[in-house]
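Colleague: Can you read through this structure? Questions will come right after.
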Protein chains: 2
Amino acid sequence: MYILDNIKNKIIKGDSLEVLKNIPSDSIDLIFADPPYYMQTEGELLRTNGTKFNGVEDKWDKFSGFEEYDNFCIGWLKECQRILKITGSVWVIGSFQNIFRIGKIMQDLGFWILNDIIWSKTNPVPNFGGTRFCNSHETLLWCGKNKKTKFTFNYKTMKYLNNDKQEKSVWNIGLCIGNERLKDDNGVKVHSTQKPEELLYKIILSSSKPNDLVLDPFFGTGTTGAVAKRIGLNYIGIEREEKYIFYAEKRLKEIKPEINEITELSLEEKPPKVPMKKLLERGLLTEEQSLYTSKGEEVCKVKADGNVFNKYGTLSIHKMSAKLLGLNNNNGWDYFYAYYDNEFIPINKLRYIYKDLS
Amino acid sequence: MYILDNIKNKIIKGDSLEVLKNIPSDSIDLIFADPPYYMQTEGELLRTNGTKFNGVEDKWDKFSGFEEYDNFCIGWLKECQRILKITGSVWVIGSFQNIFRIGKIMQDLGFWILNDIIWSKTNPVPNFGGTRFCNSHETLLWCGKNKKTKFTFNYKTMKYLNNDKQEKSVWNIGLCIGNERLKDDNGVKVHSTQKPEELLYKIILSSSKPNDLVLDPFFGTGTTGAVAKRIGLNYIGIEREEKYIFYAEKRLKEIKPEINEITELSLEEKPPKVPMKKLLERGLLTEEQSLYTSKGEEVCKVKADGNVFNKYGTLSIHKMSAKLLGLNNNNGWDYFYAYYDNEFIPINKLRYIYKDLS
DNA sequence: CATTGATATGAATCCTACG
DNA sequence: ACGTAGGATTCATATCAAT
């Protein structure tokens, strides 16, 4: 069994399954897996100008049939589930050739699907023959270890990066081309399926916490590691092919962590959870003090136990605000205002003041 | 076993599997299936204002577990495969709760996936809790009966409707709302998952031929039938619930077929397949006659057998045009021009003239 | 140097009728 | 069933050459 500190921020050379078996249980925060898709292509595909299209013809994508492919996936998925923390989550990418098999296998293993995400490609390879719809997307499965998952989701960061609208399950991102695409000395792409960093950035940023450990069992040329390092996280890569490892290590050496408000997840900070009673004890509120709406309308008074009362009776701030709004539920901390220090402020602000005082 | 003519353009009341078993083999051109999704929702979901969100709570979506759900799907999918013509295809819609199971089951049954299509919702229900990405899409599987499928795909029609670009696998379509959404006398939606006609229009139009027979084993309020009728096709609906049948029949009575260039698939007409030799026999071309590029450059001459020759030798029109363009492949019918009736015209036009003369 | 045009290329289940 | 010949088919973007 590996000692995590010994393999942190390293690429382990070897077969994914064998390496995974030597990683401790409940030790990994985030897994991104980009397994072979088992494309089952036959013959060669010509572009409309008659030249050959160079798709995936790699040895690593060959399987004897669905049975072998399924067993391969069950193997590495089981180990991923074992090593994943209950607070972590796993992402798997695939396309129609394989993702349905993987999805069913994951559900059957007890993984809990959080979302299926569509990577809608802004510049897909066209369908040269005009025989079908242009296959312009890939599918990602985002899952917790099991139904009891306590996964991380940085909702506010995603919302901020999406123009202050909550992020959806369809993402528009371009292919990995241009300078980002690793080429060998002959100008030939190093890996036939290198993923764009923009995709991994969104994946890792949305579902990780500071100092998390991110593992990729099919590391390839190391996009997962590169993005994890950029965000300031730790990674472990597993890769079989010497060539990919060589280019990945060169790539990773160049990466500098980008520390900023987004990568530090400062948008995710929660307001201090100070109950009404503490505010009363500290003198930030007093018994019989009036509370108001944002428009300055006096609507209830504070009781010694932290509840509030008016003609409707005595209720918690949440139930009272809901009552006043005619709703079933409402957050009273945002609804009520109080006078404090000659100012008219939301009572939620008193919690920050409490925090600062203590 | 049903006689197709007796059930054409009708809704058959009954259990999907039992009814499907009585439909003849290899008799259906197109199947659209919108099965229960097995959502596994628990408790109730509240909107952010505390009111209740009315999702799918129908009896028909309850199963004891994945095993029961899988067996249910294997049942109706096997029958769909049996009744489907080899020239036909089947569409199944689902979301992450069920579509991965369905996809694997279909692959295991030998269905051949042609595309997975993403219905990206332009106006999805938000994630009220801010706990995950907003689930803003559903997935469609489009499959042939088996690997030898001779499915129909109206490529040019799809391209025309997509601003003359080939249509992709991600479709932006809104939810079924407003006047299109069927309501009962109390203004309550009749069906909890009515699909938008725009979605079915694209599905049926892309993969059907005139006079096709379209079957929907989970007919609900009849969107499939309504769109099939609009396009001028025949349908068969299977539905268990009396209430849905009542509203579907009322709805279908109102539908008028829309006959136009698109629904008639006039864009899909192929140019007449008249070989060079026939043009020579008919006197539309003569031996030793010169052929030109679109710019009027003389590039070769016609031989008696329908081939053409120049300094490169004697070749078919296709090989010669490719040679002149420095390509591996090209369509000679669009490349070469000839003088005919004092006009300079593409030789392809001669095939239409031949057709008109005969 | 700026602009235009030609060329290259990206996870692909990519033809079909006829003999 | 299988081979063969005819003939139908591409979008966004990066790079590089030419103007």
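A note on labels: chains of the structure tokens are A, B, ... as shown, every chain counts residues from 1, and ligands are counted from 1 in their shown order.
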Apply DSSP to the structure's backbone, then extract all residues of stretch 26-102 of chain B labelled strand (DSSP E) and return them as a CSV table (one decimal) with N, CA and C atoms, in the first residue's frame.

Modeller:
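Written out: part.csv:
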```csv
chain,number,residue,atom,x,y,z
B,28,ILE,N,-42.9,-1.8,-38.3
B,28,ILE,CA,-43.0,-0.4,-37.9
B,28,ILE,C,-41.7,0.4,-38.4
B,29,ASP,N,-42.0,1.6,-38.9
B,29,ASP,CA,-40.8,2.4,-39.5
B,29,ASP,C,-40.1,3.2,-38.4
B,30,LEU,N,-40.8,3.7,-37.5
B,30,LEU,CA,-40.2,4.6,-36.5
B,30,LEU,C,-40.9,4.5,-35.2
B,31,ILE,N,-40.1,4.4,-34.1
B,31,ILE,CA,-40.6,4.3,-32.8
B,31,ILE,C,-40.1,5.4,-31.9
B,32,PHE,N,-41.0,6.1,-31.2
B,32,PHE,CA,-40.5,7.1,-30.2
B,32,PHE,C,-41.0,6.6,-28.9
B,33,ALA,N,-40.1,6.4,-27.9
B,33,ALA,CA,-40.5,5.9,-26.6
B,33,ALA,C,-40.1,6.9,-25.5
B,84,LEU,N,-39.7,-3.5,-35.3
B,84,LEU,CA,-39.0,-2.5,-36.1
B,84,LEU,C,-38.5,-3.1,-37.4
B,85,LYS,N,-38.8,-2.3,-38.5
B,85,LYS,CA,-38.2,-2.7,-39.8
B,85,LYS,C,-36.7,-2.5,-39.8
B,86,ILE,N,-36.0,-3.2,-40.6
B,86,ILE,CA,-34.5,-3.0,-40.7
B,86,ILE,C,-34.2,-1.6,-41.3
B,87,THR,N,-35.2,-1.0,-42.0
B,87,THR,CA,-35.0,0.3,-42.6
B,87,THR,C,-35.5,1.4,-41.6
B,88,GLY,N,-36.0,1.0,-40.4
B,88,GLY,CA,-36.5,1.9,-39.4
B,88,GLY,C,-35.5,2.3,-38.4
B,89,SER,N,-36.0,3.0,-37.4
B,89,SER,CA,-35.1,3.4,-36.2
B,89,SER,C,-36.0,3.7,-35.0
B,90,VAL,N,-35.4,3.7,-33.9
B,90,VAL,CA,-36.1,4.0,-32.6
B,90,VAL,C,-35.4,5.1,-31.8
B,91,TRP,N,-36.2,5.9,-31.2
B,91,TRP,CA,-35.8,7.0,-30.3
B,91,TRP,C,-36.3,6.7,-28.9
B,92,VAL,N,-35.4,6.8,-27.9
B,92,VAL,CA,-35.8,6.7,-26.5
B,92,VAL,C,-35.3,7.9,-25.8
B,93,ILE,N,-36.2,8.5,-25.0
B,93,ILE,CA,-35.8,9.7,-24.2
B,93,ILE,C,-35.7,9.4,-22.8
B,94,GLY,N,-34.7,10.0,-22.1
B,94,GLY,CA,-34.6,9.8,-20.7
B,94,GLY,C,-33.7,10.8,-20.0
```

Colleague: Tell me the residues of chain B close to chain A, meaning within 8 Å using only C-alpha atoms, as an MDAnalysis selection string.

Modeller: chainID B and resid 48:51 96:97 99:104 113:116 118 120 126 130:137 153 155 166:170 327:330

Colleague: Now that the selection is made, can you save its residues with C-alpha atoms as a PDB file, in the first residue's frame?

Modeller:
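The resulting file, result-v1.pdb, is reproduced below:
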```
ATOM      1  CA  THR B  48     -37.076  29.062  -2.763  1.00  0.00           C
ATOM      2  CA  ASN B  49     -40.269  30.890  -1.787  1.00  0.00           C
ATOM      3  CA  GLY B  50     -41.456  27.849   0.160  1.00  0.00           C
ATOM      4  CA  THR B  51     -44.186  26.730  -2.244  1.00  0.00           C
ATOM      5  CA  PHE B  96     -29.610  10.599 -15.826  1.00  0.00           C
ATOM      6  CA  GLN B  97     -31.813   8.541 -13.549  1.00  0.00           C
ATOM      7  CA  ILE B  99     -30.907   6.702 -19.625  1.00  0.00           C
ATOM      8  CA  PHE B 100     -27.624   4.962 -18.810  1.00  0.00           C
ATOM      9  CA  ARG B 101     -29.434   1.762 -17.911  1.00  0.00           C
ATOM     10  CA  ILE B 102     -31.526   1.998 -21.054  1.00  0.00           C
ATOM     11  CA  GLY B 103     -28.492   2.670 -23.230  1.00  0.00           C
ATOM     12  CA  LYS B 104     -26.586  -0.339 -21.929  1.00  0.00           C
ATOM     13  CA  ILE B 113     -26.627   3.500 -31.603  1.00  0.00           C
ATOM     14  CA  LEU B 114     -26.683   6.084 -34.383  1.00  0.00           C
ATOM     15  CA  ASN B 115     -26.456   9.172 -32.201  1.00  0.00           C
ATOM     16  CA  ASP B 116     -27.121  10.247 -28.680  1.00  0.00           C
ATOM     17  CA  ILE B 118     -28.995  16.142 -26.122  1.00  0.00           C
ATOM     18  CA  SER B 120     -30.680  21.228 -24.082  1.00  0.00           C
ATOM     19  CA  PRO B 126     -33.649  25.793 -11.771  1.00  0.00           C
ATOM     20  CA  GLY B 130     -28.148  25.496  -5.167  1.00  0.00           C
ATOM     21  CA  THR B 131     -26.821  22.029  -4.407  1.00  0.00           C
ATOM     22  CA  ARG B 132     -25.777  20.895  -7.895  1.00  0.00           C
ATOM     23  CA  PHE B 133     -25.592  22.061 -11.473  1.00  0.00           C
ATOM     24  CA  CYS B 134     -29.021  22.916 -12.849  1.00  0.00           C
ATOM     25  CA  ASN B 135     -30.183  19.802 -14.667  1.00  0.00           C
ATOM     26  CA  SER B 136     -30.985  21.502 -17.959  1.00  0.00           C
ATOM     27  CA  HIS B 137     -31.063  18.661 -20.479  1.00  0.00           C
ATOM     28  CA  PHE B 153     -31.766  10.120 -42.158  1.00  0.00           C
ATOM     29  CA  TYR B 155     -29.638  15.008 -43.813  1.00  0.00           C
ATOM     30  CA  GLN B 166     -25.177  20.247 -40.701  1.00  0.00           C
ATOM     31  CA  GLU B 167     -27.282  19.630 -37.613  1.00  0.00           C
ATOM     32  CA  LYS B 168     -25.446  18.670 -34.426  1.00  0.00           C
ATOM     33  CA  SER B 169     -26.169  16.312 -31.557  1.00  0.00           C
ATOM     34  CA  VAL B 170     -27.109  19.114 -29.142  1.00  0.00           C
ATOM     35  CA  LEU B 327      -7.387  15.077 -54.569  1.00  0.00           C
ATOM     36  CA  ASN B 328      -8.120  11.430 -53.915  1.00  0.00           C
ATOM     37  CA  ASN B 329     -11.836  11.722 -54.531  1.00  0.00           C
ATOM     38  CA  ASN B 330     -14.178  14.092 -56.273  1.00  0.00           C
TER      39      ASN B 330
END
```

Colleague: Take atom CA of A:Thr41 and atom C1' of D:DA8 and report the distance between them in Å, one decimal.

Modeller: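 Atom C1' of D:DA8 lies 21.0 Å from atom CA of A:Thr41.
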
Colleague: Assign secondary structure with DSSP using the backbone only, and return the residues of stretch 6-149 of chain A in alpha helix (DSSP H) as a ChimeraX atom specification.

Modeller: /A:6-7,16-20,66-83,99-109

Colleague: With 9 Å as the limit and counting only C-alpha atoms (C1' of nucleotides), what residues in chain D lie close to chain B? Please list them as a ChimeraX atom specification.

Modeller: /D:6-8,10-11

Colleague: Excluding B:Phe63 and any residue of its chain fewer than 6 positions from it, enumerate the residues within 9 Å of it, using only C-alpha atoms (C1' of nucleotides), and give them as a list of chain:residue names.

Modeller: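 Listing them by chain and then by number gives B:Tyr38, B:Gln40, B:Tyr69.
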
Colleague: With only C-alpha atoms (C1' of nucleotides) considered, list every residue of chain C at most 10 Å from chain A, as a PDB file with N, CA and C atoms (P, O5', C5', C4', C3', O3' and C1' of nucleotides), in the first residue's frame.

Modeller:
```
ATOM      1  P    DT C   9      -2.342  18.270 -40.439  1.00  0.00           P
ATOM      2  O5'  DT C   9      -3.607  18.326 -39.471  1.00  0.00           O
ATOM      3  C5'  DT C   9      -3.580  19.174 -38.335  1.00  0.00           C
ATOM      4  C4'  DT C   9      -4.902  19.073 -37.612  1.00  0.00           C
ATOM      5  C3'  DT C   9      -5.507  17.661 -37.556  1.00  0.00           C
ATOM      6  O3'  DT C   9      -6.146  17.471 -36.316  1.00  0.00           O
ATOM      7  C1'  DT C   9      -7.072  19.120 -38.404  1.00  0.00           C
ATOM      8  P    DG C  10      -5.441  16.567 -35.234  1.00  0.00           P
ATOM      9  O5'  DG C  10      -6.500  16.540 -34.029  1.00  0.00           O
ATOM     10  C5'  DG C  10      -6.704  17.709 -33.251  1.00  0.00           C
ATOM     11  C4'  DG C  10      -8.167  17.823 -32.856  1.00  0.00           C
ATOM     12  C3'  DG C  10      -8.843  16.496 -32.496  1.00  0.00           C
ATOM     13  O3'  DG C  10      -9.710  16.720 -31.381  1.00  0.00           O
ATOM     14  C1'  DG C  10     -10.031  17.529 -34.253  1.00  0.00           C
ATOM     15  P    DA C  11      -9.932  15.740 -30.253  1.00  0.00           P
ATOM     16  O5'  DA C  11     -10.555  14.399 -30.846  1.00  0.00           O
ATOM     17  C5'  DA C  11     -10.689  13.277 -30.015  1.00  0.00           C
ATOM     18  C4'  DA C  11     -11.380  12.165 -30.794  1.00  0.00           C
ATOM     19  C3'  DA C  11     -12.882  12.348 -31.023  1.00  0.00           C
ATOM     20  O3'  DA C  11     -13.307  11.474 -32.082  1.00  0.00           O
ATOM     21  C1'  DA C  11     -12.516  10.656 -29.437  1.00  0.00           C
ATOM     22  P    DA C  12     -12.783  11.826 -33.591  1.00  0.00           P
ATOM     23  O5'  DA C  12     -13.977  11.331 -34.493  1.00  0.00           O
ATOM     24  C5'  DA C  12     -15.264  11.855 -34.352  1.00  0.00           C
ATOM     25  C4'  DA C  12     -16.280  10.811 -34.778  1.00  0.00           C
ATOM     26  C3'  DA C  12     -16.494   9.726 -33.744  1.00  0.00           C
ATOM     27  O3'  DA C  12     -17.868   9.582 -33.354  1.00  0.00           O
ATOM     28  C1'  DA C  12     -15.833   8.763 -35.829  1.00  0.00           C
ATOM     29  P    DT C  13     -19.106   8.946 -34.267  1.00  0.00           P
ATOM     30  O5'  DT C  13     -18.686   7.447 -34.583  1.00  0.00           O
ATOM     31  C5'  DT C  13     -19.307   6.745 -35.634  1.00  0.00           C
ATOM     32  C4'  DT C  13     -18.911   5.328 -35.582  1.00  0.00           C
ATOM     33  C3'  DT C  13     -19.574   4.448 -36.637  1.00  0.00           C
ATOM     34  O3'  DT C  13     -18.729   4.432 -37.770  1.00  0.00           O
ATOM     35  C1'  DT C  13     -19.346   3.383 -34.497  1.00  0.00           C
ATOM     36  P    DC C  14     -19.078   4.206 -39.140  1.00  0.00           P
ATOM     37  O5'  DC C  14     -19.705   5.595 -39.545  1.00  0.00           O
ATOM     38  C5'  DC C  14     -20.993   5.671 -40.180  1.00  0.00           C
ATOM     39  C4'  DC C  14     -20.861   6.447 -41.475  1.00  0.00           C
ATOM     40  C3'  DC C  14     -19.717   5.982 -42.361  1.00  0.00           C
ATOM     41  O3'  DC C  14     -20.137   6.148 -43.712  1.00  0.00           O
ATOM     42  C1'  DC C  14     -19.421   8.245 -41.852  1.00  0.00           C
ATOM     43  P    DC C  15     -19.870   5.058 -44.764  1.00  0.00           P
ATOM     44  O5'  DC C  15     -21.206   5.151 -45.620  1.00  0.00           O
ATOM     45  C5'  DC C  15     -21.867   6.402 -45.771  1.00  0.00           C
ATOM     46  C4'  DC C  15     -22.858   6.280 -46.898  1.00  0.00           C
ATOM     47  C3'  DC C  15     -23.759   5.067 -46.763  1.00  0.00           C
ATOM     48  O3'  DC C  15     -25.030   5.439 -47.279  1.00  0.00           O
ATOM     49  C1'  DC C  15     -22.441   4.863 -48.714  1.00  0.00           C
TER      50       DC C  15
END
```

Colleague: If we count only C-alpha atoms (C1' of nucleotides), what is near C:DG5 at a cut-off of 10 Å, once residues fewer than 4 positions away on the same chain are taken out, given as a list of chain:residue names?

Modeller: D:DA17, D:DA18, D:DT19

Colleague: Which polymer residues have any atom within 7 Å of an atom of stretch 220-225 of chain A, counting only C-alpha atoms (C1' of nucleotides), with same-chain residues fewer than 4 positions away left out, as a PyMOL selection string?

Modeller: chain A and resi 191+195+197+200+216+229+235+239+244-245+247-248
